[in-house]
Structure formats: structure tokens, C-alpha cells
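Engineer: Provided herewith is a single structure, encoded as C-alpha cells, for subsequent inquiry.
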Amino acid sequence: MEKIANAVARTTEKAVQQCVNHACGASYALRERLYVCAKCGETLEIECRLTPPGDPSEIRARWAAARANPKSPRDASGVWRFLELLPFDEDAPFVTLFEGNTPLFRAPRSANYCGLADLRLKHQGYNPTGSFKDTGMASAITQAVISGARTAVCASTGNTAASLAAYAARANFLAAILLPRGQVSAAKLAQSLDYGALVLEIDGNFDDCMRLIQELGDDPAIYVANSINPFRIEGQKTVAFELMEQCSWQVPDHVVVPGGNMGNSTALGKGFQELLALGLIRRLPRLSVIQAEGAAPVARLFATLTAAQRAGDEELPEKLQAVENPKTLATAIKIGAPVSWKKALRAVVRSRGQVIAVTEQEIADAKAIIGRDSIGCEPASATTVAGIKRLVAAGHIQPGEDVVAVLTGHMLKDPDYISNYHRGTLVPDSASKEAGAQAAPIRGAFQNSPARVAATKSAILAALKQRQ
Ligand SMILES: [Zn+2]
């Protein structure tokens, strides 16, 4: 066991926090509590200094054994069983709710819809709080414990808040969630309330909440768990490791993810890159990111890149034009100024992938076809299937290629959306609505509205016959 656990040897300093701005190049020790570069203000990335294992099959065997026959909570976690590739020591105070270990489904109806022979869906919505945020929160809250903080804060109205609330509770932390007063639905807060978080409704907008989070970060007792936190990417990157296990280490041709704050694509890109550097895989899958048309700053930027920039032969742009007032019903990716865009774009270009945008109609129908595959997901996750359909039509993905899409949130995260789609009352989150005009509802290609029938056997049999 010891011998295998040490299969990936480490240098004395196992990892550092590295500024992503090449021109700055500053790096910081892991224990330094900062969330952006102190010199230039750019985001930070954890750079793990790993030595390739002599025999990759040894480390793969240990991971597989831990999953098949867990001997500790650490082994049973889909994050912590990959400790060799994470910037934490053996004796770290691991926080876990048994995150990860999520299923990889075959989705024949979705494959057919996209024009593919086969399609697999890696469902991160099967995590403890129902979203992909949990893998990253396990690592971030563990780092928070190490840092000596007692309180964790974030500004979020959805999945991040629920995940932070759950992991903070597990670590005996107080979680504080900052929200703009009157702009958040009660349903989205239900999880955070149940996990015991302090939910603070601020007299201000979301930008005010973000400013307050940054100010609070200076307090040594408070840990900021927003997506800018580089330790979250570390837990999230394990999805790449677990996916490769599930693919028997045969690298898919394409991995496709939704793009909001771009943390997920950053994490996947980093995970695959580390596996490549360690010789655990021989090539990278093409990583493509799909955004919603009304919140697609990175897709817009990608469309302006030169062939040389897309091939990685020329420097990528330093600036991203933010979308001032993002619009989409896929609220989990309704983000106009994604914090991790630079890291994500680098990962896409390195793997020769694409960043594109899809319409609200495409998202809604893709979501319904995923449902028909008996899988289901939240709206943002369905951008993947909508995007794959487009990428196949455009010739970027070939019909016989091996494609995996990552679904990020559970179907029950947004039940109103589903109900409205099937009843024909799903109204787009459009600019015209603000201007006072009534937007037309989305016409669902797979609409399945409930039928009203009389309380008789014959009426039910007639309804059944109609469906057959
Ligand atoms: Zn810097």
C-alpha cells in the first residue's frame, strides 16, 4: 500500500499557487491565503509538481481498488482517492460528503438527436448536493480548515451556495451566503437554509455582494469560497481522472462541457493535462465549451480568434469583452464576466476544441431529449447536447467519434423550467421582456403536457391508446 501510494513521488514543495499572467509570473506558497495575485490581481492556479510514476498501471490499480473496496472515508470519496495528484498531504483534515463517483451513462436518444452513433453523459448532478460544485467544495473547505479560518463565505444564488452550505456544515464552519435582497427565488435558497447556512440578504445588487466578499476576504477568520478560489479547481479536476477510469483509460475524442464561469472547463483541462504530463494518458481529448447565446462572452471571443491563435501558435487575447446584462433561463451559466475564462480558453486551444453558443430553444429541446434518455439534468447541462448537435452538423465532430458530455446539475435543481417547457409556458429570459414586450414562449419539440381525463377506466384506456 505504502509503496503504491508513493508511486507518484513529489518534490519538496509539492505545489505552489501560480499567477496565470505569464508576464507577472508571481508564485505563492500553498498556505498563503490569497485569492488573486497580490502583485497584478490576476487569478491564481495551483501548480502541482508531480513526478511521473515509473509504471502507470500501479497508480491506476490503487485508485480502482480504493473505489471498489474503500477502506476509509478518504477512499470512498471520488476526490480524495486521487490524493497523489492533489496539493494536500496524507494527514490533511479531509472534508468529505462522499462526492464524485458519479455515473457515466449511455444516451442513445440524445446520440441520435445529435447525429452520433454513440454518446455518453458523465453526470456530476449525482453529487451530494446535486451539482458538480461539490468536488471543488470538498477541496476548498479542506483548505479552509488548514488555513485556520472558522467561517466560509460566498456570493451565489444557486449551486455554489448549496454546496458551500453543506461542506461548511460538515467541517463545523459557519457558512455565510450573500445575496442581493429581493432578487433571489426562495426555491434556490432552500438547500442552503436546510444545511444551516447564514443567508444574508444585502440591500444592493450582485456586484455589491461581490465587493463585500472581497472586503471580507481580508479578515483572517473568514475564508472566501467563490469561484475565484484556486483550490476549488483542484477537487473539480478529479472528474477527468474518474472519467478516464470509467473509459478504461481510452481517451475519448471529445469532451464537451457547459460554460458559465468557466471553472469546470478549466478544471477538466487541468486534469487531462496533468494525466498527460504524468504519462497516464497519451493524448488530450478535444475539450469544447458550450455557452448560452445570451451569456456567451467567451464564445464571442473565440469566434474572433485567428487560425494561428486557435492552433496555439499565437498568444491569446488578454482581454475579454464582458456581457453587460446576460440573459438565459439556464441560470447556472448566466454569467457575463466569467472569472476563469483565461485558464479555460487556454485548455480549449491546447486540446484543439471549440467554444460555441446555443439558443434558448436548442437548450430546452436538448434538455428534454436528455430526459427521454431517463437521465435528466438542469438546463445549463443541456447546452452540451445542443452544442454537440451543432458541432456534428458543422463537421467539428464526426458521427462515429467517441464523445462524452459532462452534465453539471441534477434535474430537480430547476423543476419550474421543466414543468413550463412541457406545458408550453416557458418564456425566454429576453431583453424584449424588459422593454415591456411579451416574449413568445418556447415551443418545445418534445413537449409532454399532462392530459386532463374523466375519472373512468375507459377515459384512461383512451388516453393510453392515444399515446401508443
Ligand atoms: Zn500576478
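Note on naming: chains are A, B, ... as they come in the C-alpha cells, residues start from 1 per chain, ligands start from 1 in the order shown.
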Name all residues at most 12 Å from Pro87 (chain A) (count only C-alpha atoms; drop same-chain ones fewer than 2 positions away) and give them as a count of residues only.
Structural biologist: 37
Engineer: List as a VMD selection string the protein and nucleic acid residues lying within 10 Å of ligand 1, with only C-alpha atoms and all ligand atoms counted.
Structural biologist: chain A and resid 18 to 27 36 to 44
Engineer: In Å, rounded to a single decimal, give me how far CA of Asp365 (chain A) is from CA of Val453 (chain A).
Structural biologist: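 Between these atoms lies a distance of 26.7 Å.
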Engineer: Which of these residues is nearest to Ser156 (chain A), using only C-alpha atoms: A:Arg423, A:Lys334, A:His410, A:Arg67?
Structural biologist: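 Among the listed residues, A:Lys334 lies closest to Ser156 (chain A).
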Engineer: Calculated over only C-alpha atoms, which of the candidates A:Lys342, A:Lys188, A:Arg150, A:Lys319 has the smallest distance to Ala176 (chain A)?
Structural biologist: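 Looking at the shortest contact to Ala176 (chain A), the residue is A:Arg150.
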Engineer: Just list the residues in region 179-218 of chain A DSSP gives strand (DSSP E) on the backbone, as a ChimeraX atom specification.
Structural biologist: /A:179-180,198-202
Engineer: Within 10 Å of region 220-224 of chain A, counting only C-alpha atoms, which residues show up once you throw out same-chain ones fewer than 2 positions away? Write them as a PyMOL selection string, please.
Structural biologist: chain A and resi 33-35+140-141+143-145+147-155+173-176+213-214+216-218+226-229
Engineer: Okay, now the selection with C-alpha atoms, as an mmCIF file, in the first residue's frame?
Structural biologist:
```cif
data_model
loop_
_atom_site.group_PDB
_atom_site.id
_atom_site.type_symbol
_atom_site.label_atom_id
_atom_site.label_comp_id
_atom_site.auth_asym_id
_atom_site.auth_seq_id
_atom_site.Cartn_x
_atom_site.Cartn_y
_atom_site.Cartn_z
ATOM 1 C CA ARG A 33 -4.341 32.837 1.992
ATOM 2 C CA LEU A 34 -4.952 34.987 -1.068
ATOM 3 C CA TYR A 35 -7.479 34.538 -3.819
ATOM 4 C CA ALA A 140 -11.731 24.262 -0.884
ATOM 5 C CA ILE A 141 -13.248 23.652 2.551
ATOM 6 C CA GLN A 143 -8.001 24.088 2.569
ATOM 7 C CA ALA A 144 -10.142 26.472 4.629
ATOM 8 C CA VAL A 145 -9.709 24.200 7.667
ATOM 9 C CA SER A 147 -5.832 27.870 6.838
ATOM 10 C CA GLY A 148 -7.339 28.242 10.305
ATOM 11 C CA ALA A 149 -10.496 30.063 9.233
ATOM 12 C CA ARG A 150 -13.804 29.494 11.059
ATOM 13 C CA THR A 151 -16.249 30.977 8.590
ATOM 14 C CA ALA A 152 -16.646 30.493 4.839
ATOM 15 C CA VAL A 153 -18.432 32.994 2.617
ATOM 16 C CA CYS A 154 -19.622 33.190 -0.956
ATOM 17 C CA ALA A 155 -21.956 35.275 -3.096
ATOM 18 C CA PHE A 173 -17.779 26.022 9.863
ATOM 19 C CA LEU A 174 -20.271 28.813 9.710
ATOM 20 C CA ALA A 175 -21.268 29.374 6.088
ATOM 21 C CA ALA A 176 -22.450 32.853 5.145
ATOM 22 C CA ILE A 213 -16.926 39.253 -0.375
ATOM 23 C CA GLN A 214 -13.596 40.730 -1.430
ATOM 24 C CA LEU A 216 -14.398 40.201 3.934
ATOM 25 C CA GLY A 217 -11.543 38.128 2.497
ATOM 26 C CA ASP A 218 -9.049 40.361 4.353
ATOM 27 C CA ASN A 226 -16.196 31.888 -4.510
ATOM 28 C CA SER A 227 -15.174 30.519 -7.889
ATOM 29 C CA ILE A 228 -12.026 32.655 -7.895
ATOM 30 C CA ASN A 229 -10.647 30.281 -5.240
#
```
Engineer: With DSSP run on the backbone, what are the helix (DSSP H, G or I) residues within region 382-417 of chain A? I'd like them as a PyMOL selection string.
Structural biologist: chain A and resi 382-393+411-413+415-417
Engineer: Which residues are near Leu320 (chain A)? Cut-off 12 Å, only C-alpha atoms, ignore same chain within fewer than 5 positions. Put them as a list in words.
Structural biologist: Ala296, Pro297, Val298, Ala299, Arg300, Leu301, Phe302, Thr304, Gly336, Ala337, Pro338, Val339, Ser340, Trp341, Lys342 and Leu345 of chain A
Engineer: For the selection just defined, write its residues with N, CA and C atoms to a file, as an mmCIF file, in the first residue's frame.
Structural biologist:
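What follows is the written file part_8.cif:
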```
data_model
loop_
_atom_site.group_PDB
_atom_site.id
_atom_site.type_symbol
_atom_site.label_atom_id
_atom_site.label_comp_id
_atom_site.auth_asym_id
_atom_site.auth_seq_id
_atom_site.Cartn_x
_atom_site.Cartn_y
_atom_site.Cartn_z
ATOM 1 N N ALA A 296 -22.648 34.663 -23.590
ATOM 2 C CA ALA A 296 -21.592 33.933 -24.301
ATOM 3 C C ALA A 296 -20.351 34.779 -24.606
ATOM 4 N N PRO A 297 -19.775 35.433 -23.596
ATOM 5 C CA PRO A 297 -18.617 36.284 -23.896
ATOM 6 C C PRO A 297 -17.421 35.494 -24.445
ATOM 7 N N VAL A 298 -17.237 34.266 -23.980
ATOM 8 C CA VAL A 298 -16.057 33.503 -24.420
ATOM 9 C C VAL A 298 -16.268 32.946 -25.833
ATOM 10 N N ALA A 299 -17.507 32.526 -26.133
ATOM 11 C CA ALA A 299 -17.803 32.057 -27.489
ATOM 12 C C ALA A 299 -17.614 33.200 -28.488
ATOM 13 N N ARG A 300 -18.014 34.415 -28.088
ATOM 14 C CA ARG A 300 -17.833 35.575 -28.972
ATOM 15 C C ARG A 300 -16.355 35.838 -29.211
ATOM 16 N N LEU A 301 -15.574 35.757 -28.157
ATOM 17 C CA LEU A 301 -14.131 35.987 -28.295
ATOM 18 C C LEU A 301 -13.509 34.890 -29.165
ATOM 19 N N PHE A 302 -13.936 33.665 -28.929
ATOM 20 C CA PHE A 302 -13.369 32.524 -29.684
ATOM 21 C C PHE A 302 -13.614 32.698 -31.182
ATOM 22 N N THR A 304 -13.548 35.282 -32.826
ATOM 23 C CA THR A 304 -12.652 36.291 -33.418
ATOM 24 C C THR A 304 -11.195 35.822 -33.483
ATOM 25 N N GLY A 336 -21.908 37.007 -17.221
ATOM 26 C CA GLY A 336 -21.407 37.858 -18.301
ATOM 27 C C GLY A 336 -19.906 38.079 -18.260
ATOM 28 N N ALA A 337 -19.308 37.913 -17.068
ATOM 29 C CA ALA A 337 -17.871 38.166 -16.914
ATOM 30 C C ALA A 337 -17.223 36.994 -16.179
ATOM 31 N N PRO A 338 -17.023 35.871 -16.864
ATOM 32 C CA PRO A 338 -16.506 34.671 -16.189
ATOM 33 C C PRO A 338 -15.086 34.855 -15.668
ATOM 34 N N VAL A 339 -14.881 34.487 -14.415
ATOM 35 C CA VAL A 339 -13.566 34.729 -13.798
ATOM 36 C C VAL A 339 -12.471 33.821 -14.351
ATOM 37 N N SER A 340 -12.831 32.608 -14.755
ATOM 38 C CA SER A 340 -11.792 31.643 -15.157
ATOM 39 C C SER A 340 -11.635 31.536 -16.673
ATOM 40 N N TRP A 341 -12.035 32.567 -17.418
ATOM 41 C CA TRP A 341 -12.061 32.443 -18.877
ATOM 42 C C TRP A 341 -10.676 32.198 -19.468
ATOM 43 N N LYS A 342 -9.671 32.821 -18.893
ATOM 44 C CA LYS A 342 -8.334 32.729 -19.486
ATOM 45 C C LYS A 342 -7.781 31.304 -19.377
ATOM 46 N N LEU A 345 -9.887 29.008 -21.714
ATOM 47 C CA LEU A 345 -9.604 29.200 -23.143
ATOM 48 C C LEU A 345 -8.262 28.554 -23.510
#
```
Engineer: So, with only C-alpha atoms as the atoms that count, which of A:Gly387, A:Phe241, A:Phe105, A:Gly196 lies closest to Leu278 (chain A)?
Structural biologist: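 Nearest to Leu278 (chain A): A:Phe241.
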Engineer: Give me the residues within 7 Å of Thr266 (chain A) as a VMD selection string, counting only C-alpha atoms and dropping any in the same chain fewer than 4 places off.
Structural biologist: chain A and resid 262 270 340 343 to 344 347
Engineer: Which of these, A:Val239, A:Val184, A:Leu280, A:Val349, has the shortest distance to Glu58 (chain A) once you count only C-alpha atoms?
Structural biologist: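 Once distances to Glu58 (chain A) are computed over only C-alpha atoms, the minimum belongs to A:Leu280.
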